[in-house]
Amino acid sequence: MRIPIIAGNWKMHKTINEAVQFVNDIKEKVQGTDVEVVICAPFTLLLSLKEAAAGSNIKLGAQNMHWENQGAFTGEISPLMLKDIGIDYCIIGHSERRQYFAETDETVNKKIHAALQHGINPIFCVGETLEERESGKTEAIVKSQIQNGLENISGEDMNKIVIAYEPIWAIGTGKTATPEQANEVIYQIRETIKELYGETIYTEVRIQYGGSVKGSNAEEIMNQEDIDGALVGGASLLPDEFVQIVNF
Ligand code: PGA
């Protein structure tokens, strides 16, 4: 049984007051759900969110990290620092980081290794651009992102990794992939996992869909056979929308 996981990705939004208010607004409304609930917030909010979420079922994640424990890397945050706060997840390889901050499959792979070493569960993002989709390259692109991102990751570690399939053309555009389109690629990702890790991990690995998920489309997305959750950007900033998605 794969436990569904709904993760909010707040990107570069919210002050401490707004973040704490958000958690206070939702924590009772998501209590008792069978879904794993995660908020991936900017670094500056994590400590306050940790306190606000204490005693609730809300888990916390970061949105990026460096792969080294420490060093001369101005402006970076290390896995040790995140571990210190006690977060559970870290988004790794989000398309915005690949697009604007020179993230590559190689750095993604280093970060996944580092996260696992420190007991942080990676939410590993993959996905194609519109151009790649239109030229029929979706399957090949996503497959190579999966293979490269997971290089030298053991089968044992695979159950700590959540994969997020996010077609770039559906992120923040209001254009959701149809549930069938999303499920098709997620099915292919699962097949790649089977080739790499065998039958057991193939059935156990959790794969989310991300890209314009909102309260009104969460149920049909989550009802797809191979989709185990959602990585939610814009709609995760609004307490009522996020609660509706969690309680799909
Ligand atoms: P969106 O973002 O829900 O606003 O499309 C998803 C994401 O980038 O994770």
# chains A, B, ... in the order shown; residues from 1 in each chain; ligands from 1

call {"tool": "residues_near_ligand", "arguments": {"ligand": "ligand 1", "cutoff": "8 Å", "atoms": "only C-alpha atoms and all ligand atoms", "output": "count of residues only"}}
result
24

call {"tool": "residues_around", "arguments": {"residues": "A:Ile207", "least_positions_apart": "3", "cutoff": "10 Å", "atoms": "only C-alpha atoms", "output": "ChimeraX atom specification"}}
result
/A:2,4-5,123-125,161-165,183,186-187,189-190,204,210,226-231

call {"tool": "write_last_selection", "arguments": {"atoms": "N, CA and C atoms", "output": "PDB file, in the first residue's frame"}}
result
ATOM      1  N   ARG A   2       0.668   2.068  -1.004  1.00  0.00           N
ATOM      2  CA  ARG A   2       1.433   3.319  -1.056  1.00  0.00           C
ATOM      3  C   ARG A   2       0.609   4.426  -0.397  1.00  0.00           C
ATOM      4  N   PRO A   4      -0.602   7.981   0.106  1.00  0.00           N
ATOM      5  CA  PRO A   4      -0.561   9.201  -0.712  1.00  0.00           C
ATOM      6  C   PRO A   4       0.171  10.332   0.008  1.00  0.00           C
ATOM      7  N   ILE A   5       0.859  11.136  -0.759  1.00  0.00           N
ATOM      8  CA  ILE A   5       1.597  12.258  -0.160  1.00  0.00           C
ATOM      9  C   ILE A   5       1.277  13.559  -0.916  1.00  0.00           C
ATOM     10  N   ILE A 123      12.335  14.749  -2.398  1.00  0.00           N
ATOM     11  CA  ILE A 123      11.227  14.777  -3.366  1.00  0.00           C
ATOM     12  C   ILE A 123      11.900  15.157  -4.679  1.00  0.00           C
ATOM     13  N   PHE A 124      12.135  14.147  -5.490  1.00  0.00           N
ATOM     14  CA  PHE A 124      12.997  14.260  -6.675  1.00  0.00           C
ATOM     15  C   PHE A 124      12.129  14.583  -7.897  1.00  0.00           C
ATOM     16  N   CYS A 125      12.357  15.793  -8.466  1.00  0.00           N
ATOM     17  CA  CYS A 125      11.484  16.270  -9.550  1.00  0.00           C
ATOM     18  C   CYS A 125      12.051  16.007 -10.944  1.00  0.00           C
ATOM     19  N   ILE A 161      12.689   7.866  -1.154  1.00  0.00           N
ATOM     20  CA  ILE A 161      12.593   8.901  -2.190  1.00  0.00           C
ATOM     21  C   ILE A 161      11.175   8.961  -2.737  1.00  0.00           C
ATOM     22  N   VAL A 162      10.664  10.190  -2.844  1.00  0.00           N
ATOM     23  CA  VAL A 162       9.392  10.402  -3.540  1.00  0.00           C
ATOM     24  C   VAL A 162       9.758  11.040  -4.879  1.00  0.00           C
ATOM     25  N   ILE A 163       9.211  10.520  -5.958  1.00  0.00           N
ATOM     26  CA  ILE A 163       9.464  11.126  -7.273  1.00  0.00           C
ATOM     27  C   ILE A 163       8.280  12.040  -7.602  1.00  0.00           C
ATOM     28  N   ALA A 164       8.581  13.212  -8.131  1.00  0.00           N
ATOM     29  CA  ALA A 164       7.503  14.115  -8.561  1.00  0.00           C
ATOM     30  C   ALA A 164       7.626  14.339 -10.052  1.00  0.00           C
ATOM     31  N   TYR A 165       6.614  13.916 -10.790  1.00  0.00           N
ATOM     32  CA  TYR A 165       6.586  14.197 -12.230  1.00  0.00           C
ATOM     33  C   TYR A 165       5.864  15.530 -12.437  1.00  0.00           C
ATOM     34  N   ASN A 183      -0.850  10.261 -15.769  1.00  0.00           N
ATOM     35  CA  ASN A 183      -0.711   8.859 -15.378  1.00  0.00           C
ATOM     36  C   ASN A 183       0.177   8.087 -16.353  1.00  0.00           C
ATOM     37  N   ILE A 186       3.757   8.830 -15.564  1.00  0.00           N
ATOM     38  CA  ILE A 186       4.077   8.256 -14.245  1.00  0.00           C
ATOM     39  C   ILE A 186       4.172   6.730 -14.346  1.00  0.00           C
ATOM     40  N   TYR A 187       3.335   6.147 -15.166  1.00  0.00           N
ATOM     41  CA  TYR A 187       3.424   4.706 -15.410  1.00  0.00           C
ATOM     42  C   TYR A 187       4.793   4.368 -16.027  1.00  0.00           C
ATOM     43  N   ILE A 189       7.530   6.075 -15.709  1.00  0.00           N
ATOM     44  CA  ILE A 189       8.556   6.249 -14.671  1.00  0.00           C
ATOM     45  C   ILE A 189       8.619   4.982 -13.813  1.00  0.00           C
ATOM     46  N   ARG A 190       7.448   4.483 -13.466  1.00  0.00           N
ATOM     47  CA  ARG A 190       7.418   3.255 -12.654  1.00  0.00           C
ATOM     48  C   ARG A 190       8.082   2.091 -13.407  1.00  0.00           C
ATOM     49  N   GLU A 204       6.355  -0.247  -4.796  1.00  0.00           N
ATOM     50  CA  GLU A 204       6.341   0.559  -3.564  1.00  0.00           C
ATOM     51  C   GLU A 204       6.655   2.036  -3.763  1.00  0.00           C
ATOM     52  N   GLY A 210       2.751  16.948 -10.377  1.00  0.00           N
ATOM     53  CA  GLY A 210       2.733  18.372 -10.030  1.00  0.00           C
ATOM     54  C   GLY A 210       2.529  19.210 -11.274  1.00  0.00           C
ATOM     55  N   ASP A 226      -1.606   5.132 -11.054  1.00  0.00           N
ATOM     56  CA  ASP A 226      -0.178   5.204 -10.726  1.00  0.00           C
ATOM     57  C   ASP A 226       0.221   6.476  -9.986  1.00  0.00           C
ATOM     58  N   ILE A 227      -0.727   7.366  -9.751  1.00  0.00           N
ATOM     59  CA  ILE A 227      -0.407   8.650  -9.113  1.00  0.00           C
ATOM     60  C   ILE A 227      -0.637   8.561  -7.602  1.00  0.00           C
ATOM     61  N   ASP A 228       0.416   8.827  -6.846  1.00  0.00           N
ATOM     62  CA  ASP A 228       0.347   8.638  -5.392  1.00  0.00           C
ATOM     63  C   ASP A 228       0.334   9.937  -4.620  1.00  0.00           C
ATOM     64  N   GLY A 229       0.192  11.040  -5.304  1.00  0.00           N
ATOM     65  CA  GLY A 229       0.204  12.287  -4.553  1.00  0.00           C
ATOM     66  C   GLY A 229       0.380  13.463  -5.476  1.00  0.00           C
ATOM     67  N   ALA A 230       0.508  14.631  -4.863  1.00  0.00           N
ATOM     68  CA  ALA A 230       0.663  15.838  -5.668  1.00  0.00           C
ATOM     69  C   ALA A 230       1.688  16.763  -5.031  1.00  0.00           C
ATOM     70  N   LEU A 231       2.433  17.431  -5.896  1.00  0.00           N
ATOM     71  CA  LEU A 231       3.312  18.515  -5.468  1.00  0.00           C
ATOM     72  C   LEU A 231       2.622  19.790  -5.951  1.00  0.00           C
TER      73      LEU A 231
END

call {"tool": "residues_around", "arguments": {"residues": "A:Ala114", "least_positions_apart": "5", "cutoff": "10 Å", "atoms": "only C-alpha atoms", "output": "ChimeraX atom specification"}}
result
/A:65-69,78-80,108-109,119-120,122

call {"tool": "write_last_selection", "arguments": {"atoms": "all heavy atoms", "output": "JSON list (two decimals), in the first residue's frame"}}
result
[["chain", "number", "residue", "atom", "x", "y", "z"],
["A", 65, "MET", "N", 18.88, 22.27, -1.32],
["A", 65, "MET", "CA", 20.00, 22.23, -0.37],
["A", 65, "MET", "C", 21.29, 22.01, -1.16],
["A", 65, "MET", "O", 21.26, 21.59, -2.32],
["A", 65, "MET", "CB", 19.83, 21.10, 0.65],
["A", 65, "MET", "CG", 19.53, 19.76, 0.02],
["A", 65, "MET", "SD", 19.67, 18.40, 1.18],
["A", 65, "MET", "CE", 21.06, 17.57, 0.41],
["A", 66, "HIS", "N", 22.41, 22.30, -0.52],
["A", 66, "HIS", "CA", 23.71, 21.96, -1.12],
["A", 66, "HIS", "C", 24.04, 20.52, -0.77],
["A", 66, "HIS", "O", 23.40, 19.94, 0.10],
["A", 66, "HIS", "CB", 24.79, 22.92, -0.59],
["A", 66, "HIS", "CG", 26.01, 22.94, -1.47],
["A", 66, "HIS", "ND1", 27.01, 22.01, -1.35],
["A", 66, "HIS", "CD2", 26.36, 23.76, -2.48],
["A", 66, "HIS", "CE1", 27.95, 22.26, -2.25],
["A", 66, "HIS", "NE2", 27.57, 23.32, -2.96],
["A", 67, "TRP", "N", 25.00, 19.94, -1.45],
["A", 67, "TRP", "CA", 25.36, 18.56, -1.15],
["A", 67, "TRP", "C", 26.47, 18.43, -0.12],
["A", 67, "TRP", "O", 26.68, 17.37, 0.46],
["A", 67, "TRP", "CB", 25.72, 17.79, -2.42],
["A", 67, "TRP", "CG", 26.85, 18.39, -3.21],
["A", 67, "TRP", "CD1", 28.18, 18.19, -3.01],
["A", 67, "TRP", "CD2", 26.73, 19.30, -4.31],
["A", 67, "TRP", "NE1", 28.90, 18.92, -3.92],
["A", 67, "TRP", "CE2", 28.04, 19.61, -4.74],
["A", 67, "TRP", "CE3", 25.66, 19.88, -4.97],
["A", 67, "TRP", "CZ2", 28.30, 20.48, -5.80],
["A", 67, "TRP", "CZ3", 25.91, 20.75, -6.02],
["A", 67, "TRP", "CH2", 27.22, 21.04, -6.42],
["A", 68, "GLU", "N", 27.22, 19.54, 0.11],
["A", 68, "GLU", "CA", 28.31, 19.46, 1.10],
["A", 68, "GLU", "C", 27.75, 19.76, 2.50],
["A", 68, "GLU", "O", 26.77, 20.49, 2.64],
["A", 68, "GLU", "CB", 29.39, 20.50, 0.78],
["A", 68, "GLU", "CG", 30.15, 20.26, -0.51],
["A", 68, "GLU", "CD", 31.14, 19.09, -0.43],
["A", 68, "GLU", "OE1", 31.38, 18.56, 0.67],
["A", 68, "GLU", "OE2", 31.65, 18.71, -1.50],
["A", 69, "ASN", "N", 28.43, 19.26, 3.52],
["A", 69, "ASN", "CA", 27.99, 19.52, 4.90],
["A", 69, "ASN", "C", 28.28, 20.94, 5.34],
["A", 69, "ASN", "O", 27.59, 21.50, 6.18],
["A", 69, "ASN", "CB", 28.72, 18.57, 5.87],
["A", 69, "ASN", "CG", 28.20, 17.16, 5.74],
["A", 69, "ASN", "OD1", 27.17, 16.93, 5.11],
["A", 69, "ASN", "ND2", 28.92, 16.22, 6.32],
["A", 78, "SER", "N", 23.18, 23.74, 3.99],
["A", 78, "SER", "CA", 23.64, 22.35, 3.90],
["A", 78, "SER", "C", 22.63, 21.38, 4.52],
["A", 78, "SER", "O", 21.78, 21.77, 5.31],
["A", 78, "SER", "CB", 24.99, 22.20, 4.62],
["A", 78, "SER", "OG", 24.78, 21.94, 6.00],
["A", 79, "PRO", "N", 22.76, 20.09, 4.15],
["A", 79, "PRO", "CA", 21.86, 19.09, 4.73],
["A", 79, "PRO", "C", 21.97, 19.03, 6.26],
["A", 79, "PRO", "O", 20.98, 18.78, 6.94],
["A", 79, "PRO", "CB", 22.32, 17.78, 4.09],
["A", 79, "PRO", "CG", 23.60, 18.06, 3.39],
["A", 79, "PRO", "CD", 23.67, 19.51, 3.14],
["A", 80, "LEU", "N", 23.19, 19.28, 6.78],
["A", 80, "LEU", "CA", 23.36, 19.27, 8.24],
["A", 80, "LEU", "C", 22.49, 20.35, 8.89],
["A", 80, "LEU", "O", 21.92, 20.13, 9.96],
["A", 80, "LEU", "CB", 24.82, 19.61, 8.58],
["A", 80, "LEU", "CG", 25.80, 18.49, 8.75],
["A", 80, "LEU", "CD1", 27.14, 19.06, 9.22],
["A", 80, "LEU", "CD2", 25.28, 17.48, 9.77],
["A", 108, "VAL", "N", 21.78, 17.23, -9.09],
["A", 108, "VAL", "CA", 20.59, 16.61, -8.48],
["A", 108, "VAL", "C", 21.00, 15.29, -7.82],
["A", 108, "VAL", "O", 20.65, 15.00, -6.68],
["A", 108, "VAL", "CB", 19.50, 16.38, -9.55],
["A", 108, "VAL", "CG1", 18.40, 15.46, -9.04],
["A", 108, "VAL", "CG2", 18.90, 17.71, -10.00],
["A", 109, "ASN", "N", 21.79, 14.51, -8.54],
["A", 109, "ASN", "CA", 22.23, 13.23, -8.01],
["A", 109, "ASN", "C", 23.07, 13.40, -6.73],
["A", 109, "ASN", "O", 22.87, 12.70, -5.74],
["A", 109, "ASN", "CB", 23.02, 12.48, -9.09],
["A", 109, "ASN", "CG", 23.55, 11.14, -8.61],
["A", 109, "ASN", "OD1", 24.73, 10.97, -8.39],
["A", 109, "ASN", "ND2", 22.66, 10.19, -8.40],
["A", 119, "GLY", "N", 19.39, 11.47, 6.40],
["A", 119, "GLY", "CA", 18.03, 11.10, 6.80],
["A", 119, "GLY", "C", 16.96, 12.08, 6.34],
["A", 119, "GLY", "O", 15.88, 12.17, 6.93],
["A", 120, "ILE", "N", 17.26, 12.83, 5.29],
["A", 120, "ILE", "CA", 16.25, 13.73, 4.71],
["A", 120, "ILE", "C", 15.69, 13.03, 3.47],
["A", 120, "ILE", "O", 16.45, 12.54, 2.64],
["A", 120, "ILE", "CB", 16.89, 15.08, 4.33],
["A", 120, "ILE", "CG1", 17.42, 15.78, 5.58],
["A", 120, "ILE", "CG2", 15.90, 15.97, 3.58],
["A", 120, "ILE", "CD1", 18.32, 16.99, 5.29],
["A", 122, "PRO", "N", 14.28, 12.84, -0.08],
["A", 122, "PRO", "CA", 14.20, 13.70, -1.27],
["A", 122, "PRO", "C", 12.84, 13.61, -1.96],
["A", 122, "PRO", "O", 12.28, 12.52, -2.09],
["A", 122, "PRO", "CB", 15.28, 13.12, -2.20],
["A", 122, "PRO", "CG", 16.11, 12.21, -1.37],
["A", 122, "PRO", "CD", 15.23, 11.71, -0.27]]

call {"tool": "closest_residue", "arguments": {"among": "A:Ala53, A:Lys160, A:Ile85, A:Leu150", "to": "A:Tyr197", "atoms": "only C-alpha atoms"}}
result
A:Leu150

call {"tool": "select_by_dssp", "arguments": {"residues": "stretch 2-247 of chain A", "states": "strand (DSSP E)", "output": "count of residues only"}}
result
38

call {"tool": "residues_around", "arguments": {"residues": "A:Leu196", "least_positions_apart": "5", "cutoff": "12 Å", "atoms": "only C-alpha atoms", "output": "PyMOL selection string"}}
result
chain A and resi 143+146-148+150-155+158+189-191+201-202

call {"tool": "write_last_selection", "arguments": {"atoms": "N, CA and C atoms", "output": "JSON list (two decimals), in the first residue's frame"}}
result
[["chain", "number", "residue", "atom", "x", "y", "z"],
["A", 143, "LYS", "N", 13.00, 9.61, -18.71],
["A", 143, "LYS", "CA", 13.77, 8.41, -18.39],
["A", 143, "LYS", "C", 15.22, 8.75, -18.08],
["A", 146, "ILE", "N", 15.53, 10.37, -14.69],
["A", 146, "ILE", "CA", 15.40, 9.37, -13.63],
["A", 146, "ILE", "C", 16.72, 8.57, -13.49],
["A", 147, "GLN", "N", 17.22, 8.09, -14.62],
["A", 147, "GLN", "CA", 18.45, 7.26, -14.56],
["A", 147, "GLN", "C", 19.62, 8.05, -13.99],
["A", 148, "ASN", "N", 19.79, 9.30, -14.47],
["A", 148, "ASN", "CA", 20.94, 10.09, -14.02],
["A", 148, "ASN", "C", 20.77, 10.57, -12.58],
["A", 150, "LEU", "N", 19.22, 9.16, -10.23],
["A", 150, "LEU", "CA", 19.28, 8.06, -9.26],
["A", 150, "LEU", "C", 20.57, 7.25, -9.36],
["A", 151, "GLU", "N", 21.56, 7.78, -10.07],
["A", 151, "GLU", "CA", 22.81, 7.03, -10.23],
["A", 151, "GLU", "C", 23.42, 6.65, -8.88],
["A", 152, "ASN", "N", 23.72, 5.36, -8.77],
["A", 152, "ASN", "CA", 24.32, 4.81, -7.54],
["A", 152, "ASN", "C", 23.46, 4.96, -6.28],
["A", 153, "ILE", "N", 22.18, 5.14, -6.46],
["A", 153, "ILE", "CA", 21.27, 5.12, -5.31],
["A", 153, "ILE", "C", 20.82, 3.66, -5.13],
["A", 154, "SER", "N", 20.94, 3.16, -3.90],
["A", 154, "SER", "CA", 20.63, 1.74, -3.68],
["A", 154, "SER", "C", 19.12, 1.51, -3.62],
["A", 155, "GLY", "N", 18.74, 0.27, -3.84],
["A", 155, "GLY", "CA", 17.33, -0.12, -3.74],
["A", 155, "GLY", "C", 16.79, 0.19, -2.35],
["A", 158, "MET", "N", 15.63, 3.61, -2.01],
["A", 158, "MET", "CA", 14.56, 4.06, -2.91],
["A", 158, "MET", "C", 13.23, 4.30, -2.19],
["A", 189, "ILE", "N", 7.53, 6.08, -15.71],
["A", 189, "ILE", "CA", 8.56, 6.25, -14.67],
["A", 189, "ILE", "C", 8.62, 4.98, -13.81],
["A", 190, "ARG", "N", 7.45, 4.48, -13.47],
["A", 190, "ARG", "CA", 7.42, 3.25, -12.65],
["A", 190, "ARG", "C", 8.08, 2.09, -13.41],
["A", 191, "GLU", "N", 7.88, 2.03, -14.70],
["A", 191, "GLU", "CA", 8.52, 0.98, -15.51],
["A", 191, "GLU", "C", 10.05, 1.13, -15.47],
["A", 201, "ILE", "N", 10.34, -2.73, -5.50],
["A", 201, "ILE", "CA", 10.46, -1.26, -5.43],
["A", 201, "ILE", "C", 9.52, -0.61, -6.45],
["A", 202, "TYR", "N", 9.34, -1.29, -7.56],
["A", 202, "TYR", "CA", 8.40, -0.82, -8.59],
["A", 202, "TYR", "C", 7.00, -0.64, -8.01]]

call {"tool": "closest_residue", "arguments": {"among": "A:Gly86, A:Arg98, A:Val20, A:Glu225", "to": "A:Thr203", "atoms": "only C-alpha atoms"}}
result
A:Glu225

call {"tool": "atom_distance", "arguments": {"atom1": "atom CA of A:Phe248", "atom2": "atom CA of A:Glu199"}}
result
28.9 Å

call {"tool": "closest_residue", "arguments": {"among": "A:Val23, A:Leu60, A:Ile221, A:Ile112", "to": "A:Glu36", "atoms": "only C-alpha atoms"}}
result
A:Leu60
